[in-house]
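*Asks:* Before I ask anything, let me first share the structure, which is written out below as structure tokens.
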Amino acid sequence: MPASQQEIKELGRVAVLMGGCSAEREVSLRSGQAVLTALEAQGVKAFGLDLGKNAIAQLLAEPIDRAFIALHGRGGEDGCIQGVLEWLGIPYTGSDVMASALAMDKYKCKQVWLGQGLPTPASCLLTEESDPDQVVAQLGLPLMVKPAHEGSSLGMSKVNSASELQKAWLEASQYDDRVLAERYIQGAEFTVSIVDHQALPVIGLQTSHDFYDYSAKYVTGDTRYLLPSGLNDQQQVALQELALSAYRAVGCEGWGRVDIMLDEQQQPWLLEVNTSPGMTDMSLVPQAAAYTGMNFQDLVLKLVSTARLKVFSGH
């Protein structure tokens, strides 16, 4: 049901936070512009803020009633901006400081899931001194090597032999001083979008690339998004329930997206949870919402209506 003029008015002045200083800046600018356009089209008093290193001064420069976080990566998705907004008393979309920080650190997130008995591929942290043979003995081959704190598949490599491990570590360490090696799961990749604690239809991902990397996501446009996913009803419900369990274990709220692999024995494996997913024309949350009948403008309005303070709610 469309929002009433009164509901639109009650949102007040909405700042769409975008850009930032992370490696995902360009994608964030696209997400933010799409969100801003959708809000303005519905009469919301919205404006964009391309946050830089003077983010606090930017947020103090004019009145803000609530913030839509369209930032991706470090500084915007890792709890930092969430903490600033808490102190400034500005309600914001998405997860709180703790959940954002946990979700952004892939290794810590996996530790939480393992503590809850949730399935996630075996992994370890790599350093320059790591013994490749020892890592392979521990995790097997192939491996995925990735920065622990980056999104959009930046700095990721698939490793097929111990001799490739050092090069993969060097690639990932350009983005992060914490690098994760993870057992590679051979199988099909799926993603489950979650909006306000409701799991949306599962999307299957098919790419000609070795894995769903940055190029497959944002550059080549040759990734196939399967919606419906090709799973039977029982499998779909099982993945939705697993995604919700993973999302709740980390303490996420508002919205998010959980990425899952289904191996050749049909065993699901949790890869990561995104607390500020992309909102571009190729993004997955809008696709899943559209499949349920919720258009992009309605989705954006629903998300911004959930904005609130999580820690200092007494402001």
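Going through the structure tokens in order, the chains are called A, B, and so on, while each chain numbers its residues from 1 and the ligands are numbered from 1 in the order shown.
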Report as a ChimeraX atom specification: the residues of region 70-198 of chain A with a DSSP assignment of helix (DSSP H, G or I), based on the backbone of this structure.
*Replies:* /A:80-88,97-104,106-115,132-139,162-173
*Asks:* Would you kindly return, as a PyMOL selection string, each protein, DNA or RNA residue with an atom no farther than 7 Å from any atom of region 61-66 of chain A, considering only C-alpha atoms and excluding same-chain residues fewer than 2 positions away?
*Replies:* chain A and resi 12-15+57-59+68+90-92+307
*Asks:* Output all heavy atoms for every residue in that selection, as a compact mmCIF listing (two decimals), in the first residue's frame.
*Replies:*
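See again36.txt below for the written result:
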# COMPACT_ATOMS: atom_id res chain seq x y z
N GLY A 12 10.63 13.37 7.67
CA GLY A 12 11.47 14.55 7.83
C GLY A 12 12.55 14.64 6.77
O GLY A 12 12.40 14.14 5.66
N ARG A 13 13.66 15.27 7.14
CA ARG A 13 14.78 15.43 6.21
C ARG A 13 15.66 14.19 6.27
O ARG A 13 16.22 13.86 7.31
CB ARG A 13 15.60 16.68 6.53
CG ARG A 13 14.82 17.98 6.44
CD ARG A 13 15.76 19.18 6.53
NE ARG A 13 16.39 19.48 5.24
CZ ARG A 13 17.70 19.58 5.06
NH1 ARG A 13 18.53 19.36 6.05
NH2 ARG A 13 18.19 19.88 3.86
N VAL A 14 15.78 13.51 5.14
CA VAL A 14 16.53 12.25 5.08
C VAL A 14 17.85 12.48 4.35
O VAL A 14 17.86 12.90 3.19
CB VAL A 14 15.72 11.16 4.35
CG1 VAL A 14 16.54 9.88 4.24
CG2 VAL A 14 14.40 10.90 5.07
N ALA A 15 18.94 12.21 5.04
CA ALA A 15 20.27 12.29 4.42
C ALA A 15 20.63 10.91 3.88
O ALA A 15 20.61 9.92 4.62
CB ALA A 15 21.31 12.74 5.43
N ALA A 57 31.75 16.75 10.54
CA ALA A 57 31.41 18.14 10.21
C ALA A 57 30.30 18.19 9.17
O ALA A 57 29.39 19.04 9.26
CB ALA A 57 32.65 18.88 9.71
N GLN A 58 30.35 17.30 8.20
CA GLN A 58 29.30 17.26 7.18
C GLN A 58 27.94 16.94 7.79
O GLN A 58 26.92 17.53 7.43
CB GLN A 58 29.63 16.20 6.12
CG GLN A 58 30.80 16.56 5.20
CD GLN A 58 31.10 15.44 4.22
OE1 GLN A 58 31.81 14.50 4.56
NE2 GLN A 58 30.54 15.52 3.02
N LEU A 59 27.91 16.01 8.74
CA LEU A 59 26.65 15.61 9.37
C LEU A 59 26.12 16.71 10.28
O LEU A 59 24.90 16.78 10.51
CB LEU A 59 26.86 14.32 10.16
CG LEU A 59 27.11 13.06 9.33
CD1 LEU A 59 27.63 11.93 10.19
CD2 LEU A 59 25.83 12.63 8.61
N PHE A 68 19.79 7.40 5.66
CA PHE A 68 19.79 6.14 4.91
C PHE A 68 21.25 5.84 4.59
O PHE A 68 21.90 6.57 3.84
CB PHE A 68 18.98 6.25 3.62
CG PHE A 68 18.75 4.92 2.94
CD1 PHE A 68 17.48 4.36 2.88
CD2 PHE A 68 19.80 4.22 2.36
CE1 PHE A 68 17.26 3.13 2.28
CE2 PHE A 68 19.61 3.00 1.76
CZ PHE A 68 18.34 2.45 1.72
N ILE A 90 21.08 10.70 15.45
CA ILE A 90 20.41 10.64 14.14
C ILE A 90 20.00 9.19 13.87
O ILE A 90 20.87 8.33 13.70
CB ILE A 90 21.35 11.13 13.02
CG1 ILE A 90 21.78 12.58 13.26
CG2 ILE A 90 20.66 10.99 11.66
CD1 ILE A 90 22.86 13.08 12.31
N PRO A 91 18.70 8.89 13.83
CA PRO A 91 18.25 7.53 13.50
C PRO A 91 18.76 7.11 12.12
O PRO A 91 18.82 7.93 11.20
CB PRO A 91 16.72 7.64 13.51
CG PRO A 91 16.43 8.85 14.34
CD PRO A 91 17.56 9.79 14.08
N TYR A 92 19.14 5.83 11.98
CA TYR A 92 19.73 5.37 10.74
C TYR A 92 19.21 3.99 10.36
O TYR A 92 18.70 3.24 11.20
CB TYR A 92 21.27 5.34 10.85
CG TYR A 92 21.80 4.49 11.98
CD1 TYR A 92 22.15 3.15 11.79
CD2 TYR A 92 21.94 5.03 13.27
CE1 TYR A 92 22.64 2.38 12.83
CE2 TYR A 92 22.43 4.26 14.32
CZ TYR A 92 22.77 2.93 14.10
OH TYR A 92 23.25 2.16 15.13
N ALA A 307 14.41 3.28 10.04
CA ALA A 307 15.57 3.94 10.63
C ALA A 307 15.30 4.31 12.08
O ALA A 307 14.25 4.89 12.41
CB ALA A 307 15.91 5.20 9.83
*Asks:* From the options A:Val44, A:Ile81, A:Val159, A:Leu165, which residue's atoms come nearest to Asp133 (chain A), counting only C-alpha atoms?
*Replies:*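 When distances to Asp133 (chain A) are compared using only C-alpha atoms, the smallest one comes from A:Leu165.
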*Asks:* Looking at A:Ala67, A:Val202, A:Cys124, A:Ala290, which one is nearest to Val35 (chain A), with distances taken over only C-alpha atoms?
*Replies:* A:Ala67
*Asks:* Residues within 9 Å of Pro119 (chain A), please, as a PyMOL selection string. Count only C-alpha atoms; anything in the same chain fewer than 5 positions from it doesn't count.
*Replies:* chain A and resi 110+113-114+267-270
*Asks:* Write out as a tab-separated table the residues of region 110-206 of chain A that have any atom within 7 Å of an atom of region 250-259 of chain A, one row each with the nearest atom pair and its distance in Å to one decimal, counting only C-alpha atoms, sorted by chain and then rising number.
*Replies:*
residue	atom	partner	partner_atom	distance
A:Val112	CA	A:Val250	CA	7.0
A:Phe190	CA	A:Asp259	CA	6.0
A:Thr191	CA	A:Asp259	CA	4.4
A:Val192	CA	A:Val258	CA	5.2
A:Ser193	CA	A:Arg257	CA	4.3
A:Ile194	CA	A:Gly256	CA	5.3
A:Val195	CA	A:Trp255	CA	4.4
A:Asp196	CA	A:Gly254	CA	4.9
A:His197	CA	A:Glu253	CA	7.0
*Asks:* List the spatial neighbours of region 274-288 of chain A as an MDAnalysis selection string - criterion: any atom at most 8 Å away, only C-alpha atoms, same-chain residues fewer than 5 positions off excluded.
*Replies:* chainID A and resid 27:28 30:32 34:35 69:72 77 94:95 100 103:104 191 193:194 200:203 217:218 227 252 255:258 295:296 299
*Asks:* Can you tell me how far CA of Ala3 (chain A) sits from CA of Leu88 (chain A), in Å to one decimal?
*Replies:*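 Computed distance, CA of Ala3 (chain A) to CA of Leu88 (chain A), equals 27.7 Å.
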*Asks:* Can you work out which one of A:Asp78, A:Glu241, A:Glu10, A:Glu182 has the shortest atom-to-atom distance to Gln138 (chain A), counting only C-alpha atoms?
*Replies:*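 Of all the options, A:Glu182 lies closest to Gln138 (chain A).
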*Asks:* Separation of CA of Glu164 (chain A) and CA of Ser123 (chain A), in Å?
*Replies:* 16.7 Å
*Asks:* List as a ChimeraX atom specification the protein and nucleic acid residues near Cys80 (chain A), meaning an atom at most 10 Å away when only C-alpha atoms are counted, but skip any in the same chain fewer than 6 places from it.
*Replies:* /A:74,96-98,100-101
*Asks:* Those residues you just picked out, can you put them in a file as a PDB file, in the first residue's frame with all heavy atoms?
*Replies:*
ATOM      1  N   ARG A  74      34.521  -0.372   4.484  1.00  0.00           N
ATOM      2  CA  ARG A  74      35.001   0.174   5.749  1.00  0.00           C
ATOM      3  C   ARG A  74      34.668   1.651   5.909  1.00  0.00           C
ATOM      4  O   ARG A  74      34.657   2.400   4.946  1.00  0.00           O
ATOM      5  CB  ARG A  74      36.511  -0.068   5.863  1.00  0.00           C
ATOM      6  CG  ARG A  74      36.795  -1.498   6.286  1.00  0.00           C
ATOM      7  CD  ARG A  74      38.265  -1.768   6.435  1.00  0.00           C
ATOM      8  NE  ARG A  74      38.917  -1.900   5.141  1.00  0.00           N
ATOM      9  CZ  ARG A  74      40.180  -2.256   4.996  1.00  0.00           C
ATOM     10  NH1 ARG A  74      40.912  -2.500   6.056  1.00  0.00           N
ATOM     11  NH2 ARG A  74      40.714  -2.371   3.797  1.00  0.00           N
ATOM     12  N   ASP A  96      23.095  -2.217  13.967  1.00  0.00           N
ATOM     13  CA  ASP A  96      23.771  -1.355  14.931  1.00  0.00           C
ATOM     14  C   ASP A  96      25.288  -1.493  14.835  1.00  0.00           C
ATOM     15  O   ASP A  96      25.824  -2.181  13.964  1.00  0.00           O
ATOM     16  CB  ASP A  96      23.260  -1.630  16.350  1.00  0.00           C
ATOM     17  CG  ASP A  96      23.652  -3.022  16.873  1.00  0.00           C
ATOM     18  OD1 ASP A  96      24.434  -3.731  16.206  1.00  0.00           O
ATOM     19  OD2 ASP A  96      23.168  -3.385  17.961  1.00  0.00           O
ATOM     20  N   VAL A  97      25.984  -0.835  15.757  1.00  0.00           N
ATOM     21  CA  VAL A  97      27.444  -0.797  15.736  1.00  0.00           C
ATOM     22  C   VAL A  97      28.035  -2.204  15.817  1.00  0.00           C
ATOM     23  O   VAL A  97      28.896  -2.590  15.003  1.00  0.00           O
ATOM     24  CB  VAL A  97      27.972   0.066  16.903  1.00  0.00           C
ATOM     25  CG1 VAL A  97      29.499   0.027  16.946  1.00  0.00           C
ATOM     26  CG2 VAL A  97      27.469   1.501  16.776  1.00  0.00           C
ATOM     27  N   MET A  98      27.591  -2.984  16.806  1.00  0.00           N
ATOM     28  CA  MET A  98      28.166  -4.306  17.033  1.00  0.00           C
ATOM     29  C   MET A  98      27.931  -5.247  15.853  1.00  0.00           C
ATOM     30  O   MET A  98      28.860  -5.900  15.361  1.00  0.00           O
ATOM     31  CB  MET A  98      27.569  -4.920  18.302  1.00  0.00           C
ATOM     32  CG  MET A  98      28.029  -6.339  18.583  1.00  0.00           C
ATOM     33  SD  MET A  98      29.738  -6.424  19.112  1.00  0.00           S
ATOM     34  CE  MET A  98      29.544  -5.929  20.830  1.00  0.00           C
ATOM     35  N   SER A 100      27.197  -4.543  12.757  1.00  0.00           N
ATOM     36  CA  SER A 100      27.902  -4.057  11.562  1.00  0.00           C
ATOM     37  C   SER A 100      29.374  -4.439  11.619  1.00  0.00           C
ATOM     38  O   SER A 100      29.949  -4.903  10.625  1.00  0.00           O
ATOM     39  CB  SER A 100      27.757  -2.538  11.440  1.00  0.00           C
ATOM     40  OG  SER A 100      26.403  -2.158  11.306  1.00  0.00           O
ATOM     41  N   ALA A 101      29.997  -4.255  12.789  1.00  0.00           N
ATOM     42  CA  ALA A 101      31.415  -4.579  12.941  1.00  0.00           C
ATOM     43  C   ALA A 101      31.661  -6.080  12.790  1.00  0.00           C
ATOM     44  O   ALA A 101      32.615  -6.506  12.126  1.00  0.00           O
ATOM     45  CB  ALA A 101      31.924  -4.089  14.290  1.00  0.00           C
TER      46      ALA A 101
END
*Asks:* DSSP says strand (DSSP E) for which residues of region 83-273 of chain A? Put them as a PyMOL selection string?
*Replies:* chain A and resi 123-126+143-147+157-159+179-183+187-195+198-199+203-206+224-226+255-263+268-273
*Asks:* Export, as a short mmCIF file (atom, residue, chain, number, x, y, z; two decimals), in the first residue's frame, the selected residues with N, CA and C atoms.
*Replies:*
data_model
loop_
_atom_site.label_atom_id
_atom_site.label_comp_id
_atom_site.auth_asym_id
_atom_site.auth_seq_id
_atom_site.Cartn_x
_atom_site.Cartn_y
_atom_site.Cartn_z
N SER A 123 38.39 -22.20 7.93
CA SER A 123 39.20 -21.07 7.51
C SER A 123 40.32 -20.81 8.50
N CYS A 124 41.25 -19.94 8.12
CA CYS A 124 42.28 -19.46 9.03
C CYS A 124 42.75 -18.10 8.54
N LEU A 125 43.40 -17.35 9.41
CA LEU A 125 43.97 -16.07 9.01
C LEU A 125 45.38 -16.29 8.47
N LEU A 126 45.71 -15.58 7.40
CA LEU A 126 47.04 -15.68 6.80
C LEU A 126 47.88 -14.47 7.19
N LEU A 143 41.37 -23.30 -2.33
CA LEU A 143 41.07 -22.34 -1.27
C LEU A 143 40.60 -21.03 -1.88
N MET A 144 39.82 -20.28 -1.10
CA MET A 144 39.54 -18.88 -1.43
C MET A 144 40.33 -18.03 -0.47
N VAL A 145 41.03 -17.03 -1.00
CA VAL A 145 41.77 -16.08 -0.18
C VAL A 145 41.14 -14.71 -0.38
N LYS A 146 40.85 -14.03 0.72
CA LYS A 146 40.12 -12.77 0.62
C LYS A 146 40.49 -11.84 1.77
N PRO A 147 40.38 -10.52 1.56
CA PRO A 147 40.53 -9.59 2.68
C PRO A 147 39.42 -9.84 3.70
N SER A 157 40.95 -14.24 -4.42
CA SER A 157 41.61 -15.14 -5.36
C SER A 157 41.23 -16.58 -5.04
N LYS A 158 41.13 -17.38 -6.08
CA LYS A 158 40.98 -18.83 -5.89
C LYS A 158 42.36 -19.45 -6.02
N VAL A 159 42.73 -20.28 -5.06
CA VAL A 159 44.06 -20.88 -5.00
C VAL A 159 43.95 -22.38 -5.23
N VAL A 179 43.94 -11.09 6.41
CA VAL A 179 43.62 -11.87 5.21
C VAL A 179 43.14 -13.25 5.62
N LEU A 180 42.06 -13.67 4.99
CA LEU A 180 41.40 -14.93 5.34
C LEU A 180 41.60 -15.96 4.23
N ALA A 181 41.96 -17.17 4.62
CA ALA A 181 41.96 -18.32 3.70
C ALA A 181 40.80 -19.21 4.11
N GLU A 182 40.02 -19.65 3.13
CA GLU A 182 38.80 -20.39 3.42
C GLU A 182 38.68 -21.57 2.45
N ARG A 183 38.24 -22.70 2.96
CA ARG A 183 38.04 -23.86 2.09
C ARG A 183 37.06 -23.51 0.97
N GLY A 187 30.18 -25.83 -5.96
CA GLY A 187 28.73 -25.98 -6.02
C GLY A 187 28.05 -24.72 -6.52
N ALA A 188 26.80 -24.57 -6.16
CA ALA A 188 26.00 -23.43 -6.64
C ALA A 188 25.93 -22.35 -5.57
N GLU A 189 25.94 -21.09 -6.02
CA GLU A 189 25.87 -19.97 -5.08
C GLU A 189 24.48 -19.36 -5.08
N PHE A 190 24.03 -19.02 -3.87
CA PHE A 190 22.72 -18.42 -3.68
C PHE A 190 22.83 -17.25 -2.72
N THR A 191 21.86 -16.36 -2.80
CA THR A 191 21.83 -15.25 -1.86
C THR A 191 20.40 -15.05 -1.37
N VAL A 192 20.27 -14.71 -0.09
CA VAL A 192 18.96 -14.51 0.53
C VAL A 192 18.92 -13.09 1.09
N SER A 193 18.04 -12.27 0.56
CA SER A 193 17.85 -10.91 1.06
C SER A 193 16.86 -10.94 2.22
N ILE A 194 17.12 -10.10 3.20
CA ILE A 194 16.26 -10.03 4.39
C ILE A 194 15.86 -8.58 4.60
N VAL A 195 14.56 -8.34 4.69
CA VAL A 195 14.05 -7.01 4.94
C VAL A 195 13.12 -7.08 6.15
N GLN A 198 12.23 -10.50 7.48
CA GLN A 198 11.53 -11.40 6.56
C GLN A 198 12.48 -11.79 5.44
N ALA A 199 12.66 -13.09 5.23
CA ALA A 199 13.52 -13.57 4.16
C ALA A 199 12.78 -13.49 2.83
N ILE A 203 17.77 -16.12 -4.53
CA ILE A 203 18.27 -15.88 -5.88
C ILE A 203 19.49 -16.78 -6.11
N GLY A 204 19.51 -17.48 -7.25
CA GLY A 204 20.68 -18.26 -7.64
C GLY A 204 21.59 -17.42 -8.52
N LEU A 205 22.90 -17.62 -8.39
CA LEU A 205 23.87 -16.85 -9.16
C LEU A 205 24.67 -17.77 -10.05
N GLN A 206 24.75 -17.44 -11.33
CA GLN A 206 25.57 -18.20 -12.27
C GLN A 206 26.46 -17.24 -13.03
N ARG A 224 24.18 -14.49 -14.49
CA ARG A 224 22.76 -14.83 -14.58
C ARG A 224 22.19 -14.89 -13.17
N TYR A 225 21.09 -14.19 -12.96
CA TYR A 225 20.41 -14.20 -11.67
C TYR A 225 19.17 -15.06 -11.83
N LEU A 226 19.12 -16.17 -11.11
CA LEU A 226 18.03 -17.12 -11.24
C LEU A 226 16.95 -16.81 -10.21
N TRP A 255 17.78 -4.58 7.51
CA TRP A 255 17.87 -5.28 6.24
C TRP A 255 19.28 -5.84 6.08
N GLY A 256 19.44 -6.74 5.13
CA GLY A 256 20.75 -7.33 4.89
C GLY A 256 20.64 -8.39 3.82
N ARG A 257 21.76 -9.06 3.56
CA ARG A 257 21.79 -10.12 2.55
C ARG A 257 22.80 -11.16 2.98
N VAL A 258 22.40 -12.43 2.92
CA VAL A 258 23.26 -13.53 3.34
C VAL A 258 23.62 -14.36 2.12
N ASP A 259 24.92 -14.60 1.92
CA ASP A 259 25.40 -15.37 0.78
C ASP A 259 25.71 -16.81 1.22
N ILE A 260 25.23 -17.77 0.44
CA ILE A 260 25.30 -19.19 0.81
C ILE A 260 25.74 -20.02 -0.40
N MET A 261 26.60 -21.00 -0.17
CA MET A 261 26.94 -21.99 -1.18
C MET A 261 26.22 -23.29 -0.86
N LEU A 262 25.82 -24.00 -1.91
CA LEU A 262 25.22 -25.33 -1.77
C LEU A 262 26.15 -26.29 -2.50
N ASP A 263 26.82 -27.16 -1.72
CA ASP A 263 27.83 -28.01 -2.35
C ASP A 263 27.20 -29.16 -3.14
N PRO A 268 24.44 -26.89 2.67
CA PRO A 268 24.62 -25.44 2.59
C PRO A 268 25.79 -24.96 3.45
N TRP A 269 26.47 -23.92 2.99
CA TRP A 269 27.59 -23.32 3.70
C TRP A 269 27.44 -21.80 3.67
N LEU A 270 27.48 -21.18 4.83
CA LEU A 270 27.37 -19.72 4.93
C LEU A 270 28.70 -19.06 4.56
N LEU A 271 28.65 -18.06 3.70
CA LEU A 271 29.85 -17.33 3.29
C LEU A 271 29.98 -16.01 4.05
N GLU A 272 28.96 -15.17 3.98
CA GLU A 272 29.03 -13.88 4.67
C GLU A 272 27.65 -13.24 4.72
N VAL A 273 27.54 -12.23 5.59
CA VAL A 273 26.32 -11.43 5.67
C VAL A 273 26.70 -9.98 5.38
#
*Asks:* Taking only C-alpha atoms into account, name the residue in A:Val300, A:Ala137, A:Leu60, A:Ala23 that is nearest to His149 (chain A).
*Replies:* A:Ala23
*Asks:* For CA of Val135 (chain A) and CA of Ala168 (chain A), quote the distance in Å rounded to one decimal.
*Replies:*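 Taking CA of Val135 (chain A) and CA of Ala168 (chain A), their separation equals 13.0 Å.
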*Asks:* Out of A:Asn54, A:Arg308, A:Leu139, A:Glu86, which residue has the shortest atom-to-atom distance to Ser161 (chain A) when counting only C-alpha atoms?
*Replies:*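 For Ser161 (chain A), the nearest of the given residues is A:Leu139.
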